[in-house]
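Coordinates from query_21.pdb are shown below (PDB, C-alpha atoms).
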MODEL        1
ATOM      1  CA  MET A   1     -23.220-210.811 -47.378
ATOM      2  CA  ILE A   2     -19.786-209.176 -47.104
ATOM      3  CA  GLN A   3     -18.754-211.644 -44.406
ATOM      4  CA  ASP A   4     -19.443-214.517 -46.790
ATOM      5  CA  GLU A   5     -17.326-212.966 -49.550
ATOM      6  CA  ILE A   6     -14.090-213.036 -47.560
ATOM      7  CA  GLU A   7     -13.009-214.938 -44.495
ATOM      8  CA  VAL A   8     -12.207-212.201 -41.988
ATOM      9  CA  SER A   9      -9.428-212.388 -39.429
ATOM     10  CA  THR A  10     -10.203-210.483 -36.251
ATOM     11  CA  GLN A  11      -6.665-210.714 -34.869
ATOM     12  CA  ILE A  12      -4.157-209.006 -37.211
ATOM     13  CA  LEU A  13      -4.401-206.902 -40.362
ATOM     14  CA  GLN A  14      -4.466-209.129 -43.457
ATOM     15  CA  TRP A  15      -5.168-208.749 -47.153
ATOM     16  CA  ARG A  16      -6.095-211.112 -49.945
ATOM     17  CA  CYS A  17      -6.984-210.941 -53.621
ATOM     18  CA  ILE A  18     -10.602-211.980 -54.062
ATOM     19  CA  GLU A  19     -10.885-211.376 -57.812
ATOM     20  CA  SER A  20      -8.394-211.088 -60.673
ATOM     21  CA  ARG A  21      -8.887-211.052 -64.426
ATOM     22  CA  MET A  22      -7.323-209.926 -67.700
ATOM     23  CA  GLU A  23      -9.815-207.868 -69.673
ATOM     24  CA  SER A  24      -7.213-207.296 -72.411
ATOM     25  CA  LYS A  25      -3.425-207.108 -72.741
ATOM     26  CA  ARG A  26      -3.656-203.452 -71.773
ATOM     27  CA  LEU A  27      -6.237-203.747 -69.026
ATOM     28  CA  LEU A  28      -5.768-205.923 -65.929
ATOM     29  CA  TYR A  29      -8.192-205.918 -62.992
ATOM     30  CA  GLY A  30      -7.770-206.927 -59.373
ATOM     31  CA  ARG A  31     -10.023-206.675 -56.312
ATOM     32  CA  PHE A  32      -8.489-206.853 -52.844
ATOM     33  CA  ALA A  33      -9.855-206.995 -49.322
ATOM     34  CA  ILE A  34      -7.917-205.698 -46.311
ATOM     35  CA  SER A  35      -9.134-206.255 -42.755
ATOM     36  CA  PRO A  36      -9.808-205.880 -39.884
ATOM     37  CA  PHE A  37      -9.695-202.135 -39.226
ATOM     38  CA  ARG A  38     -11.060-200.196 -36.298
ATOM     39  CA  LYS A  39     -13.963-197.944 -37.158
ATOM     40  CA  GLY A  40     -12.706-195.035 -39.272
ATOM     41  CA  GLN A  41      -9.314-196.528 -40.133
ATOM     42  CA  ALA A  42     -10.340-198.190 -43.404
ATOM     43  CA  ASN A  43     -11.362-194.891 -44.984
ATOM     44  CA  THR A  44      -8.037-193.302 -44.000
ATOM     45  CA  ILE A  45      -6.079-196.111 -45.643
ATOM     46  CA  GLY A  46      -8.387-196.173 -48.653
ATOM     47  CA  ILE A  47      -7.812-192.488 -49.411
ATOM     48  CA  ALA A  48      -4.028-192.791 -48.996
ATOM     49  CA  MET A  49      -3.766-195.924 -51.133
ATOM     50  CA  ARG A  50      -5.901-194.477 -53.917
ATOM     51  CA  ARG A  51      -3.784-191.334 -54.130
ATOM     52  CA  ALA A  52      -0.535-193.320 -53.982
ATOM     53  CA  LEU A  53      -1.713-195.683 -56.727
ATOM     54  CA  LEU A  54      -2.732-192.867 -59.057
ATOM     55  CA  ASN A  55       0.131-190.443 -58.378
ATOM     56  CA  GLU A  56       3.189-192.340 -57.119
ATOM     57  CA  ILE A  57       3.467-195.472 -59.278
ATOM     58  CA  GLU A  58       6.096-195.156 -62.013
ATOM     59  CA  GLY A  59       5.605-196.137 -65.608
ATOM     60  CA  ALA A  60       7.308-195.833 -69.003
ATOM     61  CA  SER A  61       6.238-193.672 -71.916
ATOM     62  CA  ILE A  62       7.489-192.361 -75.255
ATOM     63  CA  THR A  63       8.502-188.721 -74.712
ATOM     64  CA  TYR A  64       9.623-187.775 -78.213
ATOM     65  CA  VAL A  65       9.943-189.219 -81.706
ATOM     66  CA  GLU A  66      12.507-188.473 -84.394
ATOM     67  CA  ILE A  67      11.484-188.928 -88.024
ATOM     68  CA  LYS A  68      14.153-187.919 -90.500
ATOM     69  CA  LYS A  69      13.364-185.624 -93.439
ATOM     70  CA  VAL A  70      10.075-184.519 -91.861
ATOM     71  CA  LYS A  71       9.765-180.935 -90.632
ATOM     72  CA  HIS A  72       6.129-180.519 -89.639
ATOM     73  CA  GLU A  73       3.744-182.540 -87.468
ATOM     74  CA  TYR A  74       0.956-182.198 -90.026
ATOM     75  CA  SER A  75       3.099-183.277 -92.974
ATOM     76  CA  THR A  76       2.028-186.104 -95.234
ATOM     77  CA  ILE A  77       4.411-188.496 -96.942
ATOM     78  CA  THR A  78       3.597-190.134-100.255
ATOM     79  CA  GLY A  79       3.285-193.871 -99.694
ATOM     80  CA  ILE A  80       2.195-193.588 -96.044
ATOM     81  CA  GLN A  81      -1.511-193.850 -95.365
ATOM     82  CA  GLU A  82      -1.431-191.723 -92.200
ATOM     83  CA  SER A  83      -0.206-188.183 -91.596
ATOM     84  CA  ILE A  84       2.677-187.617 -89.176
ATOM     85  CA  HIS A  85       0.151-186.352 -86.621
ATOM     86  CA  ASP A  86      -1.843-189.614 -86.848
ATOM     87  CA  ILE A  87       1.347-191.670 -86.425
ATOM     88  CA  LEU A  88       2.238-189.701 -83.275
ATOM     89  CA  ILE A  89      -1.232-190.302 -81.836
ATOM     90  CA  ASN A  90      -0.873-194.053 -82.477
ATOM     91  CA  LEU A  91       2.592-194.099 -80.875
ATOM     92  CA  LYS A  92       1.182-192.378 -77.779
ATOM     93  CA  GLU A  93      -1.173-195.355 -77.291
ATOM     94  CA  ILE A  94       1.720-197.825 -77.004
ATOM     95  CA  VAL A  95       2.117-199.300 -73.516
ATOM     96  CA  SER A  96       5.696-200.163 -72.573
ATOM     97  CA  LYS A  97       7.655-201.209 -69.507
ATOM     98  CA  SER A  98      11.190-200.052 -68.714
ATOM     99  CA  ASP A  99      13.624-201.591 -66.228
ATOM    100  CA  SER A 100      15.976-198.613 -66.401
ATOM    101  CA  TYR A 101      15.775-195.110 -64.964
ATOM    102  CA  GLU A 102      17.892-193.832 -67.851
ATOM    103  CA  PRO A 103      16.236-192.814 -71.158
ATOM    104  CA  GLN A 104      16.170-195.708 -73.609
ATOM    105  CA  LYS A 105      16.143-195.682 -77.416
ATOM    106  CA  ALA A 106      13.939-197.857 -79.594
ATOM    107  CA  TYR A 107      13.668-197.970 -83.372
ATOM    108  CA  ILE A 108      11.287-198.680 -86.222
ATOM    109  CA  SER A 109      12.962-199.349 -89.576
ATOM    110  CA  ILE A 110      10.524-200.719 -92.163
ATOM    111  CA  TYR A 111      10.429-201.033 -95.939
ATOM    112  CA  GLY A 112       6.976-201.146 -97.524
ATOM    113  CA  PRO A 113       4.433-201.962 -98.509
ATOM    114  CA  LYS A 114       3.620-203.141 -94.971
ATOM    115  CA  LYS A 115       1.281-202.648 -92.032
ATOM    116  CA  ILE A 116       3.349-201.383 -89.084
ATOM    117  CA  THR A 117       2.484-202.418 -85.522
ATOM    118  CA  ALA A 118       4.261-202.274 -82.161
ATOM    119  CA  ARG A 119       5.769-205.662 -83.020
ATOM    120  CA  ASP A 120       8.130-203.815 -85.392
ATOM    121  CA  ILE A 121       9.680-201.757 -82.565
ATOM    122  CA  LYS A 122      13.244-202.857 -81.776
ATOM    123  CA  GLY A 123      15.037-201.775 -78.624
ATOM    124  CA  THR A 124      17.226-202.794 -75.707
ATOM    125  CA  SER A 125      16.440-205.624 -73.309
ATOM    126  CA  SER A 126      15.377-202.989 -70.749
ATOM    127  CA  ILE A 127      12.286-202.165 -72.820
ATOM    128  CA  ARG A 128       9.258-204.422 -73.226
ATOM    129  CA  ILE A 129       6.172-203.646 -75.307
ATOM    130  CA  ILE A 130       2.995-204.859 -73.599
ATOM    131  CA  ASP A 131       0.711-205.162 -76.643
ATOM    132  CA  ASN A 132       2.544-205.938 -79.886
ATOM    133  CA  THR A 133      -0.650-205.626 -81.929
ATOM    134  CA  GLN A 134      -0.957-201.853 -81.392
ATOM    135  CA  TYR A 135      -1.382-200.269 -84.831
ATOM    136  CA  ILE A 136       1.047-197.508 -85.905
ATOM    137  CA  ALA A 137       0.826-196.904 -89.676
ATOM    138  CA  THR A 138       0.555-198.484 -93.125
ATOM    139  CA  LEU A 139       3.100-198.156 -95.923
ATOM    140  CA  THR A 140       1.193-198.426 -99.220
ATOM    141  CA  GLU A 141       4.220-198.186-101.496
ATOM    142  CA  ALA A 142       7.792-199.456-101.685
ATOM    143  CA  ILE A 143       9.300-196.786 -99.449
ATOM    144  CA  SER A 144      11.243-196.900 -96.182
ATOM    145  CA  LEU A 145      10.238-195.422 -92.840
ATOM    146  CA  ASP A 146      12.775-194.866 -90.051
ATOM    147  CA  ILE A 147      11.621-193.684 -86.625
ATOM    148  CA  GLU A 148      13.628-193.277 -83.439
ATOM    149  CA  LEU A 149      11.729-193.391 -80.120
ATOM    150  CA  ASN A 150      12.871-191.985 -76.792
ATOM    151  CA  ILE A 151      11.355-193.929 -73.877
ATOM    152  CA  GLU A 152      11.635-192.696 -70.287
ATOM    153  CA  LYS A 153      10.517-193.901 -66.868
ATOM    154  CA  ASP A 154       8.784-191.448 -64.546
ATOM    155  CA  HIS A 155       5.473-190.869 -62.769
ATOM    156  CA  GLY A 156       2.555-188.567 -63.410
ATOM    157  CA  TYR A 157       2.018-186.595 -66.610
ATOM    158  CA  ARG A 158       4.525-184.521 -68.547
ATOM    159  CA  ILE A 159       3.762-181.799 -71.081
ATOM    160  CA  GLU A 160       6.854-181.302 -73.224
ATOM    161  CA  ASN A 161       8.241-177.916 -74.260
ATOM    162  CA  LEU A 162       7.975-177.755 -78.040
ATOM    163  CA  GLN A 163      10.570-174.980 -78.311
ATOM    164  CA  LYS A 164      13.568-177.048 -77.221
ATOM    165  CA  TYR A 165      13.420-179.567 -80.085
ATOM    166  CA  ARG A 166      14.688-179.137 -83.635
ATOM    167  CA  ASP A 167      13.039-180.090 -86.935
ATOM    168  CA  GLY A 168      12.356-183.790 -87.321
ATOM    169  CA  ILE A 169      11.874-184.336 -83.587
ATOM    170  CA  PHE A 170       8.287-184.376 -82.341
ATOM    171  CA  THR A 171       7.393-184.308 -78.654
ATOM    172  CA  ILE A 172       4.640-186.410 -77.139
ATOM    173  CA  ASP A 173       2.789-185.454 -73.965
ATOM    174  CA  ALA A 174       3.837-188.453 -71.899
ATOM    175  CA  VAL A 175       1.471-190.321 -69.576
ATOM    176  CA  PHE A 176       3.620-192.305 -67.130
ATOM    177  CA  MET A 177       0.696-193.500 -64.985
ATOM    178  CA  PRO A 178       0.249-197.291 -65.355
ATOM    179  CA  ILE A 179      -2.884-197.235 -63.173
ATOM    180  CA  ARG A 180      -6.039-196.705 -65.221
ATOM    181  CA  ASN A 181      -8.481-196.452 -62.314
ATOM    182  CA  VAL A 182      -8.857-197.136 -58.589
ATOM    183  CA  ASN A 183     -12.015-197.547 -56.525
ATOM    184  CA  TYR A 184     -12.369-198.324 -52.852
ATOM    185  CA  SER A 185     -15.261-199.064 -50.514
ATOM    186  CA  VAL A 186     -15.600-199.649 -46.788
ATOM    187  CA  HIS A 187     -17.936-202.200 -45.156
ATOM    188  CA  SER A 188     -18.569-202.802 -41.473
ATOM    189  CA  PHE A 189     -19.050-206.065 -39.592
ATOM    190  CA  GLU A 190     -19.513-207.028 -35.973
ATOM    191  CA  SER A 191     -16.700-208.776 -34.102
ATOM    192  CA  GLY A 192     -17.822-209.594 -30.588
ATOM    193  CA  GLU A 193     -18.980-206.329 -29.094
ATOM    194  CA  LYS A 194     -16.900-204.189 -31.431
ATOM    195  CA  THR A 195     -17.513-202.865 -34.950
ATOM    196  CA  LYS A 196     -14.732-203.650 -37.414
ATOM    197  CA  GLU A 197     -14.244-202.569 -41.026
ATOM    198  CA  ILE A 198     -13.136-204.185 -44.282
ATOM    199  CA  LEU A 199     -11.480-202.131 -47.022
ATOM    200  CA  PHE A 200     -12.111-203.260 -50.614
ATOM    201  CA  LEU A 201      -9.722-201.938 -53.283
ATOM    202  CA  GLU A 202     -10.368-202.262 -57.022
ATOM    203  CA  ILE A 203      -7.352-201.617 -59.272
ATOM    204  CA  TRP A 204      -7.162-201.433 -63.069
ATOM    205  CA  THR A 205      -3.682-201.310 -64.678
ATOM    206  CA  ASP A 206      -2.462-200.865 -68.251
ATOM    207  CA  GLY A 207      -0.784-204.290 -68.295
ATOM    208  CA  SER A 208       2.755-203.069 -67.585
ATOM    209  CA  LEU A 209       2.312-204.337 -64.023
ATOM    210  CA  THR A 210      -0.293-206.444 -62.268
ATOM    211  CA  PRO A 211      -2.770-204.995 -59.746
ATOM    212  CA  LYS A 212      -0.966-206.949 -57.015
ATOM    213  CA  GLU A 213       2.379-205.389 -57.999
ATOM    214  CA  ALA A 214       0.703-201.977 -58.027
ATOM    215  CA  LEU A 215      -0.562-202.584 -54.488
ATOM    216  CA  TYR A 216       2.976-203.418 -53.333
ATOM    217  CA  GLU A 217       4.445-200.363 -55.083
ATOM    218  CA  ALA A 218       1.893-198.003 -53.539
ATOM    219  CA  SER A 219       2.525-199.461 -50.077
ATOM    220  CA  ARG A 220       6.290-199.023 -50.450
ATOM    221  CA  SER A 221       5.764-195.452 -51.649
ATOM    222  CA  LEU A 222       3.791-194.589 -48.515
ATOM    223  CA  ILE A 223       6.484-196.221 -46.355
ATOM    224  CA  ASP A 224       9.133-194.087 -48.086
ATOM    225  CA  LEU A 225       7.211-190.930 -47.215
ATOM    226  CA  PHE A 226       7.138-191.755 -43.500
ATOM    227  CA  ILE A 227      10.719-192.998 -43.033
ATOM    228  CA  PRO A 228      12.162-189.440 -42.830
ATOM    229  CA  LEU A 229       9.585-188.650 -40.123
ATOM    230  CA  MET A 230      10.636-191.738 -38.184
ATOM    231  CA  ASN A 231      14.295-190.726 -38.407
ATOM    232  CA  SER A 232      13.552-187.124 -37.374
ATOM    233  CA  GLU A 233      11.637-188.393 -34.343
ATOM    234  CA  ARG A 234      14.628-190.506 -33.334
ATOM    235  CA  LYS A 235      16.928-187.472 -33.582
ATOM    236  CA  GLU A 236      14.529-185.421 -31.464
ATOM    237  CA  ILE A 237      14.581-188.114 -28.781
ATOM    238  CA  ASN A 238      18.365-188.294 -28.714
ATOM    239  CA  SER A 239      18.750-184.521 -28.531
ATOM    240  CA  GLY A 240      16.067-184.367 -25.852
ATOM    241  CA  MET A 241      18.018-186.791 -23.675
ATOM    242  CA  LYS A 242      21.082-184.546 -23.862
ATOM    243  CA  LYS A 243      19.258-181.291 -23.178
ATOM    244  CA  LYS A 244      16.396-181.094 -20.711
ATOM    245  CA  ASN A 245      13.308-179.232 -21.810
ATOM    246  CA  GLU A 246      13.305-175.693 -20.382
ATOM    247  CA  LEU A 247       9.753-176.031 -19.050
ATOM    248  CA  ASP A 248      10.372-179.592 -17.863
ATOM    249  CA  ILE A 249       7.288-180.730 -19.819
ATOM    250  CA  PRO A 250       7.519-184.037 -21.728
ATOM    251  CA  CYS A 251       7.044-183.711 -25.493
ATOM    252  CA  PHE A 252       3.910-185.778 -26.118
ATOM    253  CA  PRO A 253       4.617-187.088 -29.637
ATOM    254  CA  PHE A 254       7.828-188.723 -28.470
ATOM    255  CA  ARG A 255       6.873-190.131 -25.073
ATOM    256  CA  PHE A 256       6.068-193.597 -26.296
ATOM    257  CA  ILE A 257       8.588-193.877 -29.129
ATOM    258  CA  SER A 258      11.235-196.580 -28.764
ATOM    259  CA  LEU A 259      14.873-195.581 -28.578
ATOM    260  CA  ASP A 260      15.562-198.434 -31.004
ATOM    261  CA  MET A 261      13.914-196.545 -33.884
ATOM    262  CA  GLU A 262      16.968-196.873 -36.115
ATOM    263  CA  GLU A 263      17.130-200.635 -35.682
ATOM    264  CA  MET A 264      13.399-200.966 -36.275
ATOM    265  CA  THR A 265      13.718-198.936 -39.486
ATOM    266  CA  LYS A 266      16.469-201.204 -40.793
ATOM    267  CA  ASP A 267      14.813-204.468 -39.768
ATOM    268  CA  ILE A 268      11.266-203.703 -40.901
ATOM    269  CA  ALA A 269      10.965-200.731 -43.221
ATOM    270  CA  PHE A 270      14.070-201.430 -45.326
ATOM    271  CA  LYS A 271      12.807-204.955 -46.078
ATOM    272  CA  HIS A 272       9.912-203.397 -47.986
ATOM    273  CA  ILE A 273      11.858-200.774 -49.947
ATOM    274  CA  PHE A 274      13.254-202.026 -53.256
ATOM    275  CA  ILE A 275      16.536-200.750 -54.700
ATOM    276  CA  ASP A 276      14.501-199.136 -57.487
ATOM    277  CA  GLN A 277      14.101-196.234 -55.037
ATOM    278  CA  LEU A 278      17.854-195.557 -55.301
ATOM    279  CA  GLU A 279      17.359-194.573 -58.968
ATOM    280  CA  LEU A 280      20.694-196.112 -59.943
ATOM    281  CA  PRO A 281      22.093-196.212 -63.489
ATOM    282  CA  ALA A 282      21.317-199.406 -65.392
ATOM    283  CA  ARG A 283      24.784-200.953 -64.920
ATOM    284  CA  ALA A 284      24.842-200.637 -61.117
ATOM    285  CA  TYR A 285      21.172-201.639 -60.822
ATOM    286  CA  ASN A 286      21.566-204.792 -62.943
ATOM    287  CA  CYS A 287      24.724-205.894 -61.088
ATOM    288  CA  LEU A 288      22.922-205.690 -57.732
ATOM    289  CA  LYS A 289      19.907-207.594 -59.052
ATOM    290  CA  ARG A 290      22.241-210.288 -60.402
ATOM    291  CA  VAL A 291      23.497-211.068 -56.873
ATOM    292  CA  ASN A 292      19.927-211.031 -55.454
ATOM    293  CA  VAL A 293      20.086-207.593 -53.889
ATOM    294  CA  HIS A 294      16.447-206.588 -54.300
ATOM    295  CA  THR A 295      15.745-204.417 -51.244
ATOM    296  CA  ILE A 296      17.598-201.851 -49.139
ATOM    297  CA  ALA A 297      17.824-204.479 -46.389
ATOM    298  CA  ASP A 298      19.615-206.809 -48.831
ATOM    299  CA  SER A 299      22.199-204.117 -49.582
ATOM    300  CA  LEU A 300      23.067-203.835 -45.867
ATOM    301  CA  ASN A 301      24.514-207.349 -46.059
ATOM    302  CA  TYR A 302      27.297-206.044 -48.317
ATOM    303  CA  SER A 303      30.378-204.014 -47.428
ATOM    304  CA  GLU A 304      32.364-201.877 -49.872
ATOM    305  CA  ASP A 305      34.845-204.744 -50.262
ATOM    306  CA  ASP A 306      31.973-207.112 -51.064
ATOM    307  CA  LEU A 307      30.748-204.808 -53.823
ATOM    308  CA  VAL A 308      34.190-204.791 -55.425
ATOM    309  CA  LYS A 309      33.992-208.579 -55.793
ATOM    310  CA  ILE A 310      30.756-208.423 -57.820
ATOM    311  CA  LYS A 311      31.412-209.202 -61.490
ATOM    312  CA  ASN A 312      31.407-206.124 -63.791
ATOM    313  CA  PHE A 313      30.830-203.852 -60.783
ATOM    314  CA  GLY A 314      33.315-201.029 -61.295
ATOM    315  CA  LYS A 315      34.554-198.255 -59.003
ATOM    316  CA  LYS A 316      32.108-195.745 -60.487
ATOM    317  CA  SER A 317      29.142-198.052 -59.848
ATOM    318  CA  ILE A 318      30.223-198.540 -56.232
ATOM    319  CA  GLU A 319      30.421-194.772 -55.748
ATOM    320  CA  GLN A 320      26.920-194.389 -57.229
ATOM    321  CA  VAL A 321      25.475-196.989 -54.830
ATOM    322  CA  LEU A 322      27.198-195.484 -51.781
ATOM    323  CA  GLU A 323      26.080-191.979 -52.713
ATOM    324  CA  ALA A 324      22.458-193.065 -53.296
ATOM    325  CA  LEU A 325      22.274-194.950 -49.961
ATOM    326  CA  LYS A 326      23.753-191.982 -48.112
ATOM    327  CA  LYS A 327      21.594-189.369 -49.829
ATOM    328  CA  ARG A 328      18.219-191.133 -49.652
ATOM    329  CA  PHE A 329      18.455-193.218 -46.464
ATOM    330  CA  SER A 330      21.487-191.887 -44.516
ATOM    331  CA  ILE A 331      23.174-195.288 -44.797
ATOM    332  CA  ASP A 332      26.948-195.801 -44.783
ATOM    333  CA  LEU A 333      28.090-199.275 -45.766
ATOM    334  CA  GLN A 334      30.990-200.774 -43.838
ATOM    335  CA  LYS A 335      34.438-200.744 -45.490
ATOM    336  CA  LYS A 336      34.991-204.454 -44.853
TER     337      LYS A 336
ENDMDL
END
With the file now loaded, output its structure as structure tokens.
Amino acid sequence: MIQDEIEVSTQILQWRCIESRMESKRLLYGRFAISPFRKGQANTIGIAMRRALLNEIEGASITYVEIKKVKHEYSTITGIQESIHDILINLKEIVSKSDSYEPQKAYISIYGPKKITARDIKGTSSIRIIDNTQYIATLTEAISLDIELNIEKDHGYRIENLQKYRDGIFTIDAVFMPIRNVNYSVHSFESGEKTKEILFLEIWTDGSLTPKEALYEASRSLIDLFIPLMNSERKEINSGMKKKNELDIPCFPFRFISLDMEEMTKDIAFKHIFIDQLELPARAYNCLKRVNVHTIADSLNYSEDDLVKIKNFGKKSIEQVLEALKKRFSIDLQKK
């Protein structure tokens, strides 16, 4: 019975993980239950969460590869078991995680004979390879192989334009989606005289984040989409108070909206939006994380003078933070 599988609260909306396992380094599974919903609500949330998980979660991928002294994708090199095309296919299978929104470089510099795997990739601390055993190529003779990788963070799928790259640089159609699959199902149960619903979500990830982290990210993404609507509603209310409606008919969507919408947005919504959404350069982002500024709400505790006091936080970084807060969330930090 569904009721036996999860203890259901009939008071407030709650969620819990009822199953979690690692099928491999590149495949994590999680099953979650969210309840209680009124009849019809669970399906609405299920559809939104599934689309957000598949389309809005960001991931890292290799976008192009530079191999010196090689002009054609279908070239073969004496002493390398694979063709260049086969090496590119193997590189596309590598799962990585990036902590930076700026493109990052990674390198493979090997002298054979040797079997090359993802363990041989060297890069910055912002890049982490999820499965070091991923096979790339085999050098069968005493030759060297030098490859430069460009790794970017984005969402969705990107087909690169082959015309904009010169010889020796090979583009890879990048898959930034860290979610491998999402299923959801809705089950009903009786609570007193009312029918309630439970939403079950199944999430498979590529290992660069856990299913629980994916659930958080998708939730924050949906919150981000609705914040501008909340702010626009507040502006409509304020303008409506200054100018009476010509027909003297109350505007229905705004009748029951609190005049404290701005405060509610700061106190509730901003606590669930991480500073990743600001898309800051690595320097500014890392400095904020170092002083435990993880969410937009955390950043509101700092004035411009406070930011100056942060170690290695220069004038340019401060300007980037202020501009991002103003542009994305209409926030102006206090001077002091």
Task: Residue among A:Glu148, A:Glu190, A:Glu279, A:Glu93 lying closest to Ala106 of chain A, counting only C-alpha atoms - done: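 Checking each of A:Glu148, A:Glu190, A:Glu279, A:Glu93 against Ala106 of chain A, counting only C-alpha atoms, the winner is A:Glu148.
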Open item on the list: From the options A:Asn292, A:Ser20, A:Asn183, A:Ser100, which residue's atoms come nearest to Ile310 of chain A, counting all atoms listed in the file?
Closed with: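 Going through A:Asn292, A:Ser20, A:Asn183, A:Ser100 one by one, the smallest distance to Ile310 of chain A is for A:Asn292.
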Task: From A:Asn181, A:Gln81, A:Ser303, A:Asn312, residue lying nearest Leu27 of chain A [only C-alpha atoms] - done: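 Checking each of A:Asn181, A:Gln81, A:Ser303, A:Asn312 against Leu27 of chain A, counting only C-alpha atoms, the winner is A:Asn181.
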Open item on the list: Excluding segment 286-288 of chain A and its own-chain neighbours fewer than 6 positions away, which residues fall within 9 Å of it when counting all atoms listed in the file? Please give them as a list in words.
Closed with: Ile275, His294, Ser299, Leu307, Ile310, Lys311, Asn312 and Phe313 of chain A
TODO: Work out how far atom CA of Ser24 of chain A is from atom CA of Thr210 of chain A, in Å to one decimal.
DONE: 12.3 Å
- [ ] Apply the PyMOL selection byres ((chain A and resi 222) around 10) to the file shown and report the selected residues as a count of residues only.
- [x] 16
Task: Interatomic distance (Å, one decimal) between atom CA of Arg26 of chain A and atom CA of Ile87 of chain A - done: 19.5 Å
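One finds atom CA of Leu199 of chain A at 4.8 Å from atom CA of Val186 of chain A.
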Open item on the list: Here is a test: counting all atoms listed in the file, which residue of A:Leu149, A:Gly59, A:Pro103, A:Ser144 is nearest to Ile121 of chain A?
Closed with: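 For Ile121 of chain A, the nearest of the given residues is A:Leu149.
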TODO: Anything within 9 Å of (-0.1, -210.4, -74.6): list those residues as a PyMOL selection string, counting only C-alpha atoms and sticking to the file's coordinates.
DONE: chain A and resi 24-26+130-133+207
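Closest to Asn55 of chain A among A:Val182, A:Ala214, A:Leu145, A:Met177 is A:Met177, based on only C-alpha atoms.
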Open item on the list: Please determine, counting only C-alpha atoms, which residue among A:Ile34, A:Ile198, A:Ile77, A:Val321 has the shortest atom-to-atom distance to Leu139 of chain A.
Closed with: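 Checking each of A:Ile34, A:Ile198, A:Ile77, A:Val321 against Leu139 of chain A, counting only C-alpha atoms, the winner is A:Ile77.
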If the box runs along x, y and z of the file and leaves 4 Å on each side of segment 13-32 of chain A, what are its centre and edge lengths in Å, one decimal, as JSON?
{"center_x": -7.2, "center_y": -207.7, "center_z": -56.6, "size_x": 15.5, "size_y": 16.5, "size_z": 40.4}
Go through the shown structure with the PyMOL selection byres ((chain A and resi 153-161) around 7) and write out the matching residues as a PDB file with C-alpha atoms, keeping the file's coordinate frame.
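So expr-v2.pdb came out as:
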ATOM      1  CA  ASN A  55       0.131-190.443 -58.378  1.00  0.00           C
ATOM      2  CA  GLU A  56       3.189-192.340 -57.119  1.00  0.00           C
ATOM      3  CA  ILE A  57       3.467-195.472 -59.278  1.00  0.00           C
ATOM      4  CA  GLU A  58       6.096-195.156 -62.013  1.00  0.00           C
ATOM      5  CA  GLY A  59       5.605-196.137 -65.608  1.00  0.00           C
ATOM      6  CA  ALA A  60       7.308-195.833 -69.003  1.00  0.00           C
ATOM      7  CA  SER A  61       6.238-193.672 -71.916  1.00  0.00           C
ATOM      8  CA  SER A  98      11.190-200.052 -68.714  1.00  0.00           C
ATOM      9  CA  TYR A 101      15.775-195.110 -64.964  1.00  0.00           C
ATOM     10  CA  GLU A 152      11.635-192.696 -70.287  1.00  0.00           C
ATOM     11  CA  LEU A 162       7.975-177.755 -78.040  1.00  0.00           C
ATOM     12  CA  GLN A 163      10.570-174.980 -78.311  1.00  0.00           C
ATOM     13  CA  LYS A 164      13.568-177.048 -77.221  1.00  0.00           C
ATOM     14  CA  THR A 171       7.393-184.308 -78.654  1.00  0.00           C
ATOM     15  CA  ILE A 172       4.640-186.410 -77.139  1.00  0.00           C
ATOM     16  CA  ASP A 173       2.789-185.454 -73.965  1.00  0.00           C
ATOM     17  CA  ALA A 174       3.837-188.453 -71.899  1.00  0.00           C
ATOM     18  CA  VAL A 175       1.471-190.321 -69.576  1.00  0.00           C
ATOM     19  CA  PHE A 176       3.620-192.305 -67.130  1.00  0.00           C
ATOM     20  CA  MET A 177       0.696-193.500 -64.985  1.00  0.00           C
TER      21      MET A 177
END
